[in-house]
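> Just coords.txt, nothing more (compact mmCIF, C-alpha atoms):
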# COMPACT_ATOMS: atom_id res chain seq x y z
CA MET A 1 -123.49 -272.47 -56.20
CA GLU A 2 -127.09 -272.31 -54.94
CA ASN A 3 -127.13 -268.57 -55.69
CA PHE A 4 -126.51 -269.15 -59.40
CA THR A 5 -129.25 -267.54 -61.52
CA PRO A 6 -128.27 -268.52 -65.08
CA ILE A 7 -131.54 -267.74 -66.89
CA ALA A 8 -132.25 -264.38 -65.26
CA SER A 9 -128.62 -263.29 -65.58
CA LEU A 10 -128.38 -264.35 -69.23
CA SER A 11 -131.67 -262.55 -70.00
CA GLY A 12 -130.49 -259.42 -68.20
CA GLY A 13 -127.20 -259.62 -70.08
CA VAL A 14 -129.05 -259.83 -73.41
CA LEU A 15 -130.99 -256.66 -72.48
CA LEU A 16 -127.71 -254.92 -71.62
CA GLY A 17 -126.34 -255.95 -75.02
CA ILE A 18 -129.46 -254.71 -76.84
CA ALA A 19 -129.44 -251.36 -75.00
CA SER A 20 -125.71 -250.83 -75.67
CA ALA A 21 -125.98 -251.85 -79.33
CA ALA A 22 -129.04 -249.60 -79.79
CA LEU A 23 -127.12 -246.61 -78.43
CA LEU A 24 -124.38 -247.31 -80.99
CA PHE A 25 -126.84 -247.90 -83.84
CA PHE A 26 -128.99 -244.83 -83.28
CA VAL A 27 -126.58 -242.31 -81.75
CA GLY A 28 -123.12 -243.72 -82.49
CA ARG A 29 -122.05 -243.70 -78.86
CA ILE A 30 -120.38 -246.25 -76.62
CA ALA A 31 -122.56 -247.19 -73.63
CA GLY A 32 -119.89 -246.62 -71.00
CA ILE A 33 -121.63 -245.59 -67.81
CA SER A 34 -118.56 -244.12 -66.10
CA GLY A 35 -117.77 -242.08 -69.21
CA ILE A 36 -121.34 -240.84 -69.63
CA PHE A 37 -121.75 -240.06 -65.91
CA GLY A 38 -118.23 -238.66 -65.48
CA GLY A 39 -118.68 -236.40 -68.49
CA LEU A 40 -121.71 -234.97 -66.75
CA LEU A 41 -119.65 -234.05 -63.70
CA ASN A 42 -116.79 -232.44 -65.60
CA ALA A 43 -119.30 -230.87 -67.89
CA LYS A 44 -118.58 -229.05 -71.07
CA GLN A 45 -121.14 -226.86 -72.77
CA ASP A 46 -123.74 -228.49 -75.00
CA ASP A 47 -122.59 -231.93 -73.95
CA THR A 48 -124.79 -232.50 -70.95
CA LEU A 49 -128.27 -233.13 -72.38
CA TRP A 50 -127.68 -236.52 -74.00
CA ARG A 51 -125.73 -237.72 -70.94
CA ALA A 52 -128.50 -236.53 -68.63
CA MET A 53 -131.07 -238.33 -70.78
CA PHE A 54 -129.19 -241.63 -70.49
CA ILE A 55 -128.69 -241.30 -66.73
CA GLY A 56 -132.35 -240.26 -66.46
CA GLY A 57 -133.26 -243.46 -68.31
CA LEU A 58 -131.21 -245.50 -65.84
CA LEU A 59 -132.98 -243.88 -62.89
CA ALA A 60 -136.41 -244.26 -64.52
CA GLY A 61 -135.65 -247.94 -65.11
CA GLY A 62 -134.82 -248.30 -61.43
CA VAL A 63 -138.10 -246.65 -60.44
CA ALA A 64 -140.03 -248.93 -62.82
CA ILE A 65 -138.43 -251.98 -61.19
CA LEU A 66 -139.39 -250.69 -57.74
CA PHE A 67 -143.01 -250.74 -58.90
CA VAL A 68 -143.02 -253.98 -60.89
CA LYS A 69 -140.50 -256.26 -59.22
CA PRO A 70 -139.02 -254.61 -56.11
CA ASP A 71 -137.25 -257.77 -54.92
CA LEU A 72 -134.68 -257.23 -57.71
CA LEU A 73 -133.62 -254.10 -55.86
CA SER A 74 -133.67 -255.47 -52.33
CA PHE A 75 -130.16 -255.97 -51.02
CA GLU A 76 -127.98 -255.41 -48.02
CA VAL A 77 -124.54 -253.87 -47.98
CA ASP A 78 -122.53 -255.54 -45.25
CA ARG A 79 -119.70 -253.00 -45.17
CA SER A 80 -118.78 -250.11 -42.90
CA THR A 81 -119.45 -246.56 -44.04
CA ALA A 82 -115.68 -245.92 -44.24
CA SER A 83 -115.26 -248.91 -46.59
CA ILE A 84 -118.12 -247.73 -48.78
CA ILE A 85 -116.61 -244.25 -49.07
CA VAL A 86 -113.18 -245.68 -49.94
CA ALA A 87 -114.76 -248.07 -52.47
CA GLY A 88 -116.71 -245.24 -54.10
CA LEU A 89 -113.63 -243.04 -54.40
CA LEU A 90 -111.57 -245.91 -55.86
CA VAL A 91 -114.28 -246.83 -58.37
CA GLY A 92 -114.71 -243.18 -59.40
CA ILE A 93 -111.01 -242.39 -59.80
CA GLY A 94 -110.22 -245.84 -61.21
CA ALA A 95 -112.94 -245.77 -63.85
CA ARG A 96 -111.73 -242.42 -65.18
CA LEU A 97 -108.02 -243.24 -64.99
CA GLY A 98 -108.68 -246.66 -66.51
CA ASN A 99 -110.77 -245.14 -69.32
CA GLY A 100 -113.89 -247.13 -68.56
CA CYS A 101 -115.68 -249.58 -66.34
CA THR A 102 -117.62 -252.83 -66.48
CA SER A 103 -119.93 -251.47 -69.20
CA GLY A 104 -117.56 -249.56 -71.48
CA HIS A 105 -114.70 -252.04 -71.32
CA GLY A 106 -116.68 -255.11 -70.29
CA ILE A 107 -119.59 -255.07 -72.74
CA CYS A 108 -118.69 -252.66 -75.54
CA GLY A 109 -114.90 -253.10 -75.50
CA ILE A 110 -114.91 -256.89 -75.43
CA GLY A 111 -117.89 -256.87 -77.81
CA ARG A 112 -115.76 -255.11 -80.39
CA LEU A 113 -112.81 -257.36 -79.57
CA SER A 114 -110.59 -254.53 -78.33
CA PRO A 115 -107.39 -255.97 -76.77
CA ARG A 116 -107.12 -252.85 -74.60
CA SER A 117 -110.52 -253.53 -73.06
CA MET A 118 -109.76 -257.22 -72.59
CA ILE A 119 -106.64 -256.32 -70.61
CA ALA A 120 -108.68 -253.77 -68.63
CA VAL A 121 -111.36 -256.31 -67.74
CA ALA A 122 -108.82 -259.00 -66.83
CA THR A 123 -107.03 -256.45 -64.62
CA PHE A 124 -110.05 -255.19 -62.68
CA MET A 125 -111.52 -258.66 -62.33
CA THR A 126 -108.24 -259.92 -60.87
CA ALA A 127 -107.98 -256.94 -58.50
CA GLY A 128 -111.64 -257.39 -57.56
CA ALA A 129 -111.24 -261.11 -56.92
CA VAL A 130 -108.15 -260.60 -54.75
CA THR A 131 -109.98 -257.89 -52.78
CA ALA A 132 -113.16 -259.96 -52.31
CA ILE A 133 -111.18 -263.03 -51.23
CA VAL A 134 -109.02 -261.07 -48.79
CA VAL A 135 -112.08 -259.34 -47.31
CA ASN A 136 -114.17 -262.51 -47.03
CA HIS A 137 -111.55 -265.02 -45.92
CA LEU A 138 -108.75 -263.08 -44.22
CA LEU A 139 -110.80 -260.29 -42.69
CA GLY A 140 -113.90 -262.38 -41.95
CA GLY A 141 -116.19 -260.46 -44.31
CA ARG A 142 -116.28 -257.41 -42.05
CA ILE A 143 -114.47 -254.29 -43.10
CA MET B 1 -136.34 -238.06 -81.09
CA MET B 2 -132.64 -238.64 -80.53
CA HIS B 3 -132.93 -237.84 -76.84
CA LEU B 4 -135.97 -240.05 -76.40
CA VAL B 5 -134.02 -242.96 -77.87
CA ILE B 6 -131.07 -242.25 -75.54
CA PHE B 7 -133.47 -242.18 -72.58
CA LEU B 8 -134.97 -245.52 -73.64
CA CYS B 9 -131.49 -247.05 -74.03
CA GLY B 10 -130.72 -246.01 -70.44
CA PHE B 11 -134.08 -247.38 -69.30
CA LEU B 12 -133.51 -250.75 -70.97
CA PHE B 13 -129.94 -250.89 -69.65
CA SER B 14 -131.26 -250.37 -66.13
CA ILE B 15 -133.85 -253.15 -66.49
CA GLY B 16 -131.08 -255.42 -67.77
CA LEU B 17 -128.88 -254.64 -64.78
CA ALA B 18 -131.63 -255.37 -62.28
CA LEU B 19 -132.88 -258.53 -64.03
CA SER B 20 -129.33 -259.89 -64.28
CA GLY B 21 -128.88 -259.49 -60.51
CA MET B 22 -125.99 -257.04 -60.85
CA THR B 23 -127.77 -254.43 -58.72
CA GLN B 24 -127.30 -256.80 -55.77
CA PRO B 25 -123.73 -256.38 -54.53
CA SER B 26 -123.77 -259.85 -52.95
CA LYS B 27 -123.98 -261.40 -56.43
CA VAL B 28 -120.96 -259.40 -57.62
CA VAL B 29 -118.86 -260.19 -54.54
CA GLY B 30 -120.15 -263.79 -54.75
CA PHE B 31 -118.70 -264.00 -58.25
CA LEU B 32 -115.36 -262.35 -57.45
CA ASP B 33 -114.85 -264.54 -54.36
CA PHE B 34 -114.57 -267.81 -56.27
CA VAL B 35 -112.90 -269.46 -53.27
CA GLY B 36 -116.05 -269.22 -51.20
CA ASN B 37 -119.65 -270.04 -52.12
CA TRP B 38 -119.15 -269.17 -55.79
CA ASP B 39 -121.95 -267.51 -57.77
CA PRO B 40 -121.03 -267.65 -61.49
CA SER B 41 -124.04 -265.53 -62.57
CA LEU B 42 -121.82 -262.66 -63.74
CA ILE B 43 -120.39 -264.93 -66.45
CA MET B 44 -123.90 -265.39 -67.86
CA VAL B 45 -124.48 -261.61 -67.79
CA MET B 46 -121.25 -260.97 -69.67
CA ALA B 47 -121.88 -263.81 -72.13
CA GLY B 48 -125.35 -262.50 -73.04
CA ALA B 49 -124.31 -258.86 -73.22
CA VAL B 50 -121.07 -259.37 -75.13
CA PHE B 51 -122.61 -261.76 -77.67
CA VAL B 52 -125.54 -259.46 -78.44
CA TYR B 53 -123.28 -256.40 -78.60
CA PHE B 54 -120.78 -258.22 -80.82
CA VAL B 55 -123.51 -259.04 -83.35
CA GLY B 56 -125.24 -255.65 -83.05
CA GLN B 57 -121.98 -253.79 -83.49
CA ARG B 58 -121.07 -255.81 -86.60
CA ILE B 59 -124.47 -255.05 -88.16
CA THR B 60 -124.23 -251.38 -87.17
CA MET B 61 -120.75 -251.00 -88.63
CA MET B 62 -122.10 -251.83 -92.10
CA ARG B 63 -123.65 -248.36 -92.01
CA ASP B 64 -121.75 -245.14 -92.67
CA GLY B 65 -122.97 -243.58 -89.45
CA PRO B 66 -125.56 -243.77 -86.70
CA LYS B 67 -129.21 -243.62 -87.69
CA LEU B 68 -130.23 -240.46 -85.84
CA VAL B 69 -127.03 -238.41 -85.82
CA PRO B 70 -125.20 -237.17 -88.91
CA GLY B 71 -121.50 -237.94 -89.12
CA GLY B 72 -119.63 -241.05 -88.12
CA PHE B 73 -119.55 -243.27 -85.08
CA GLN B 74 -117.77 -242.01 -81.99
CA LEU B 75 -115.63 -244.97 -81.11
CA PRO B 76 -112.53 -245.12 -78.95
CA THR B 77 -109.51 -245.00 -81.22
CA ARG B 78 -107.10 -246.62 -78.79
CA THR B 79 -107.86 -250.31 -78.81
CA ALA B 80 -104.47 -252.01 -78.75
CA ASP B 81 -102.11 -249.91 -76.66
CA PHE B 82 -101.68 -250.35 -72.93
CA ASP B 83 -100.31 -247.67 -70.65
CA THR B 84 -99.44 -247.72 -67.00
CA SER B 85 -102.05 -245.18 -65.99
CA MET B 86 -104.83 -247.27 -67.50
CA ILE B 87 -103.66 -250.39 -65.68
CA VAL B 88 -103.36 -248.47 -62.39
CA GLY B 89 -106.90 -247.18 -62.97
CA ASN B 90 -108.19 -250.69 -63.62
CA VAL B 91 -106.53 -251.98 -60.42
CA LEU B 92 -108.03 -249.15 -58.31
CA PHE B 93 -111.43 -249.76 -59.91
CA GLY B 94 -111.19 -253.50 -59.21
CA ILE B 95 -110.30 -252.97 -55.55
CA GLY B 96 -113.26 -250.64 -55.04
CA TRP B 97 -115.55 -252.98 -56.97
CA GLY B 98 -114.49 -256.04 -54.97
CA LEU B 99 -114.67 -254.19 -51.66
CA VAL B 100 -118.41 -253.42 -51.81
CA GLY B 101 -119.73 -255.00 -55.02
CA PHE B 102 -120.95 -251.88 -56.80
CA CYS B 103 -119.83 -250.45 -60.11
CA PRO B 104 -121.19 -247.23 -61.68
CA GLY B 105 -124.24 -248.53 -63.59
CA PRO B 106 -125.76 -250.68 -60.85
CA ALA B 107 -125.05 -247.97 -58.26
CA ILE B 108 -127.03 -245.43 -60.28
CA THR B 109 -129.93 -247.85 -60.85
CA ALA B 110 -129.98 -248.99 -57.21
CA SER B 111 -129.84 -245.41 -55.92
CA VAL B 112 -133.61 -245.09 -56.47
CA THR B 113 -134.13 -247.35 -53.45
CA GLY B 114 -132.75 -244.58 -51.23
CA ASN B 115 -130.54 -247.17 -49.52
CA PRO B 116 -127.99 -245.06 -47.60
CA ALA B 117 -125.07 -247.36 -48.50
CA VAL B 118 -125.71 -246.93 -52.24
CA LEU B 119 -126.15 -243.19 -51.90
CA ILE B 120 -122.88 -242.87 -49.96
CA PHE B 121 -121.16 -245.01 -52.59
CA LEU B 122 -122.60 -242.94 -55.45
CA VAL B 123 -121.60 -239.62 -53.91
CA SER B 124 -118.08 -240.91 -53.16
CA MET B 125 -117.81 -242.21 -56.72
CA ALA B 126 -118.92 -238.86 -58.12
CA VAL B 127 -116.39 -237.08 -55.89
CA GLY B 128 -113.66 -239.45 -57.12
CA MET B 129 -114.57 -238.80 -60.75
CA TYR B 130 -114.80 -235.07 -60.20
CA ILE B 131 -111.46 -234.87 -58.40
CA TYR B 132 -109.77 -236.86 -61.13
CA GLY B 133 -111.43 -234.87 -63.89
CA ALA B 134 -110.52 -231.58 -62.26
CA ILE B 135 -106.89 -232.59 -61.75
CA ASP B 136 -106.38 -234.18 -65.12
CA THR B 137 -107.40 -231.41 -67.48
CA ARG B 138 -106.11 -233.56 -70.30
CA LEU B 139 -109.34 -235.49 -69.87
CA SER B 140 -111.13 -232.84 -71.84
CA ALA B 141 -108.89 -233.57 -74.81
CA ARG B 142 -109.06 -237.33 -74.53
CA GLU B 143 -111.63 -239.80 -75.66
CA PRO B 144 -112.10 -242.36 -72.90
CA ASP B 145 -113.20 -245.82 -73.90
CA GLY B 146 -116.21 -245.22 -71.72
CA GLY B 147 -117.72 -242.78 -74.19
CA ALA B 148 -117.05 -239.28 -72.90
CA GLY B 149 -115.11 -236.71 -74.78
CA LEU B 150 -114.53 -235.46 -78.28
CA HIS B 151 -116.68 -235.13 -81.35
CA GLU B 152 -119.22 -232.91 -79.70
CA HIS B 153 -119.44 -231.19 -83.04
CA ALA B 154 -121.41 -234.09 -84.49
CA MET B 155 -124.00 -233.79 -81.75
CA LEU B 156 -124.32 -230.04 -82.30
CA VAL B 157 -124.80 -230.60 -86.01
CA ALA B 158 -127.51 -233.16 -85.21
CA LEU B 159 -129.33 -230.73 -82.96
CA ALA B 160 -129.09 -227.94 -85.51
CA GLU B 161 -130.43 -230.25 -88.23
CA GLU B 162 -133.28 -231.35 -86.04
CA GLU B 163 -134.16 -227.75 -85.30
CA LYS B 164 -133.99 -226.84 -88.95
CA ARG B 165 -136.36 -229.69 -89.82
CA HIS B 166 -138.89 -228.41 -87.33
CA HIS B 167 -138.76 -224.88 -88.63
CA LEU B 168 -138.93 -225.63 -92.34
CA PRO B 169 -142.40 -225.85 -93.86
As structure tokens, how would this structure be written, given the file I've shared?


Amino acid sequence: MENFTPIASLSGGVLLGIASAALLFFVGRIAGISGIFGGLLNAKQDDTLWRAMFIGGLLAGGVAILFVKPDLLSFEVDRSTASIIVAGLLVGIGARLGNGCTSGHGICGIGRLSPRSMIAVATFMTAGAVTAIVVNHLLGGRI
Amino acid sequence: MMHLVIFLCGFLFSIGLALSGMTQPSKVVGFLDFVGNWDPSLIMVMAGAVFVYFVGQRITMMRDGPKLVPGGFQLPTRTADFDTSMIVGNVLFGIGWGLVGFCPGPAITASVTGNPAVLIFLVSMAVGMYIYGAIDTRLSAREPDGGAGLHEHAMLVALAEEEKRHHLP
């Protein structure tokens, strides 16, 4: 467990909670990234500006981190291009079919004690754990 | 004003993702693979986020509506029913998430690095969402838990009000 970063992760989590709660308080919206981003792709008229502003904020935050603390965004992806494409397609289709992702179900759904979201989170965490374990231990971490 | 606040919410969300370590796929896979060298950081992220949101949402719900938009809150109405398609979606999402360690938020934040793996993931994810959205036209009449969908009227009213305020003496 030498990779455990309890303080940084808790602090980051608190910021995620504040940002999501602020979006609800000021605008009355659920901070579900897949819903906000997906709605931008299957756009309807007059519904794109607020979504674009939120995604723009996400990107601007990323740029700010690159300037202030770039090591938070230094990482390696040890997967083949084919795996990454498959993973992206599954996450995209799955988030829409499953009505949300780690933010919408995970933070907002559980935060409002929605049984539907709790089932969703338990389901994708189980599927994710099985996948990660199979990839790391049965396939030797290379796929 | 409303759009500036939305932008700042996205900005803060992004900082939270990076600070928590969730923009590093190894920390996500390290959590999901609890058999190996387990990294429980994701539990701390969820604990902090869920607790703050739980409190913030309780306080917010004492109001009749959001501060900057007239009308009510736009919350998912389905909170207790489970259908097969949702579960299938969650399973597909989980497999993709566990395979590489990216979910939508962190992928968008991390895309600013220009890392080819993230960009490929993000484009594939967008294609997946687009394909699904294009096939399932019912999406346009549904309110996903993730926040897309109905009640656009309230936003239009907000914009009209804002405009009116600027034009009135």

> If we count all atoms listed in the file, what is near Leu92 in chain B at a cut-off of 9 Å, once residues fewer than 2 positions away on the same chain are taken out, given as a list in words?

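The contact residues come out as Ala87, Leu90, Val91, Ile93, Gly94, Ala95, Leu97, Gly98, Phe124 and Ala127 of chain A; Ile87, Val88, Gly89, Asn90, Gly94, Ile95, Gly96 and Trp97 of chain B.
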
> Just to confirm, what's the straight-line distance from CA of Ile120 in chain B to CA of Phe75 in chain A in Å (one decimal)?

15.0 Å

> With all atoms listed in the file as the atoms that count, which of A:Leu10, A:Cys108, A:Arg96, A:Leu138 lies nearest to Ser34 in chain A?

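Ranking A:Leu10, A:Cys108, A:Arg96, A:Leu138 by distance to Ser34 in chain A, first place goes to A:Arg96.
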
> Find the spatial neighbours of Tyr130 in chain B, counting only C-alpha atoms, within a cut-off of 8 Å - ignore same-chain residues fewer than 5 positions away - and output them as a PyMOL selection string.

chain A and resi 38+41-42

> Between A:Leu89, A:Ala122, A:Leu40, A:Val68, which is the closest to chain B once you count only C-alpha atoms?

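Smallest distance to chain B is found for A:Leu89.
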
> Considering all atoms listed in the file, return as an NGL selection string whatever protein or nucleic-acid residues lie within 9 Å of Val5 in chain B, sequence-local ones (same chain, fewer than 5 positions apart) excluded.

(:A and (22-23 or 26-27 or 53-54)) or (:B and (10))

> What would the file look like if the residues just selected were written as a PDB file, in the frame of the given file with C-alpha atoms?


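For reference, selection_25.pdb as written:
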ATOM      1  CA  ALA A  22    -129.040-249.600 -79.790  1.00  0.00           C
ATOM      2  CA  LEU A  23    -127.120-246.610 -78.430  1.00  0.00           C
ATOM      3  CA  PHE A  26    -128.990-244.830 -83.280  1.00  0.00           C
ATOM      4  CA  VAL A  27    -126.580-242.310 -81.750  1.00  0.00           C
ATOM      5  CA  MET A  53    -131.070-238.330 -70.780  1.00  0.00           C
ATOM      6  CA  PHE A  54    -129.190-241.630 -70.490  1.00  0.00           C
TER       7      PHE A  54
ATOM      8  CA  GLY B  10    -130.720-246.010 -70.440  1.00  0.00           C
TER       9      GLY B  10
END

> Determine the nearest neighbour of Phe4 in chain A from the options B:Val52, B:Met44, B:Val127, B:Ala110, counting all atoms listed in the file.

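Nearest to Phe4 in chain A: B:Met44.
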
> Write out as a list in words which residues come within 9 Å of Ile55 in chain A when counting only C-alpha atoms, dropping same-chain ones fewer than 3 positions away.

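Within the cut-off, the hits are Ile33, Ile36, Phe37, Trp50, Arg51, Ala52, Leu58, Leu59 and Ala60 of chain A; Phe7, Gly10, Phe11, Ile108 and Thr109 of chain B.
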
> If you measure from CA of Pro40 in chain B to CA of Gly13 in chain A, what distance in Å do you get, rounded to one decimal?

13.3 Å

> At a cut-off of 12 Å, using only C-alpha atoms, what residues contact Gly109 in chain A? Leave out same-chain residues fewer than 4 positions from it and give the result as a PDB file with C-alpha atoms, in the coordinates of the input.


ATOM      1  CA  GLY A  17    -126.340-255.950 -75.020  1.00  0.00           C
ATOM      2  CA  SER A  20    -125.710-250.830 -75.670  1.00  0.00           C
ATOM      3  CA  ALA A  21    -125.980-251.850 -79.330  1.00  0.00           C
ATOM      4  CA  ILE A  30    -120.380-246.250 -76.620  1.00  0.00           C
ATOM      5  CA  ALA A  31    -122.560-247.190 -73.630  1.00  0.00           C
ATOM      6  CA  GLY A  32    -119.890-246.620 -71.000  1.00  0.00           C
ATOM      7  CA  ASN A  99    -110.770-245.140 -69.320  1.00  0.00           C
ATOM      8  CA  GLY A 100    -113.890-247.130 -68.560  1.00  0.00           C
ATOM      9  CA  CYS A 101    -115.680-249.580 -66.340  1.00  0.00           C
ATOM     10  CA  THR A 102    -117.620-252.830 -66.480  1.00  0.00           C
ATOM     11  CA  SER A 103    -119.930-251.470 -69.200  1.00  0.00           C
ATOM     12  CA  GLY A 104    -117.560-249.560 -71.480  1.00  0.00           C
ATOM     13  CA  HIS A 105    -114.700-252.040 -71.320  1.00  0.00           C
ATOM     14  CA  LEU A 113    -112.810-257.360 -79.570  1.00  0.00           C
ATOM     15  CA  SER A 114    -110.590-254.530 -78.330  1.00  0.00           C
ATOM     16  CA  PRO A 115    -107.390-255.970 -76.770  1.00  0.00           C
ATOM     17  CA  ARG A 116    -107.120-252.850 -74.600  1.00  0.00           C
ATOM     18  CA  SER A 117    -110.520-253.530 -73.060  1.00  0.00           C
ATOM     19  CA  MET A 118    -109.760-257.220 -72.590  1.00  0.00           C
ATOM     20  CA  ILE A 119    -106.640-256.320 -70.610  1.00  0.00           C
ATOM     21  CA  ALA A 120    -108.680-253.770 -68.630  1.00  0.00           C
ATOM     22  CA  VAL A 121    -111.360-256.310 -67.740  1.00  0.00           C
TER      23      VAL A 121
ATOM     24  CA  MET B  46    -121.250-260.970 -69.670  1.00  0.00           C
ATOM     25  CA  ALA B  49    -124.310-258.860 -73.220  1.00  0.00           C
ATOM     26  CA  VAL B  50    -121.070-259.370 -75.130  1.00  0.00           C
ATOM     27  CA  PHE B  51    -122.610-261.760 -77.670  1.00  0.00           C
ATOM     28  CA  TYR B  53    -123.280-256.400 -78.600  1.00  0.00           C
ATOM     29  CA  PHE B  54    -120.780-258.220 -80.820  1.00  0.00           C
ATOM     30  CA  GLN B  57    -121.980-253.790 -83.490  1.00  0.00           C
ATOM     31  CA  LEU B  75    -115.630-244.970 -81.110  1.00  0.00           C
ATOM     32  CA  PRO B  76    -112.530-245.120 -78.950  1.00  0.00           C
ATOM     33  CA  THR B  77    -109.510-245.000 -81.220  1.00  0.00           C
ATOM     34  CA  ARG B  78    -107.100-246.620 -78.790  1.00  0.00           C
ATOM     35  CA  THR B  79    -107.860-250.310 -78.810  1.00  0.00           C
ATOM     36  CA  ALA B  80    -104.470-252.010 -78.750  1.00  0.00           C
ATOM     37  CA  PRO B 144    -112.100-242.360 -72.900  1.00  0.00           C
ATOM     38  CA  ASP B 145    -113.200-245.820 -73.900  1.00  0.00           C
ATOM     39  CA  GLY B 146    -116.210-245.220 -71.720  1.00  0.00           C
ATOM     40  CA  GLY B 147    -117.720-242.780 -74.190  1.00  0.00           C
TER      41      GLY B 147
END

> Which one is closest to chain A: B:Met22, B:Phe93, B:Ile135, B:Val55? Count only C-alpha atoms.

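Smallest distance to chain A is found for B:Phe93.
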
> Quick one: of A:Gly57, A:Pro70, A:Gly106, A:Gly140, who's nearest to chain B, counting all atoms listed in the file?

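Among the listed residues, the smallest separation from chain B belongs to A:Gly57.
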
> Restricting the calculation to all atoms listed in the file, which member of A:Leu16, A:Ile107, A:Ala8, A:Val77 is positioned closest to Gly141 in chain A?

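Checking each of A:Leu16, A:Ile107, A:Ala8, A:Val77 against Gly141 in chain A, counting all atoms listed in the file, the winner is A:Val77.
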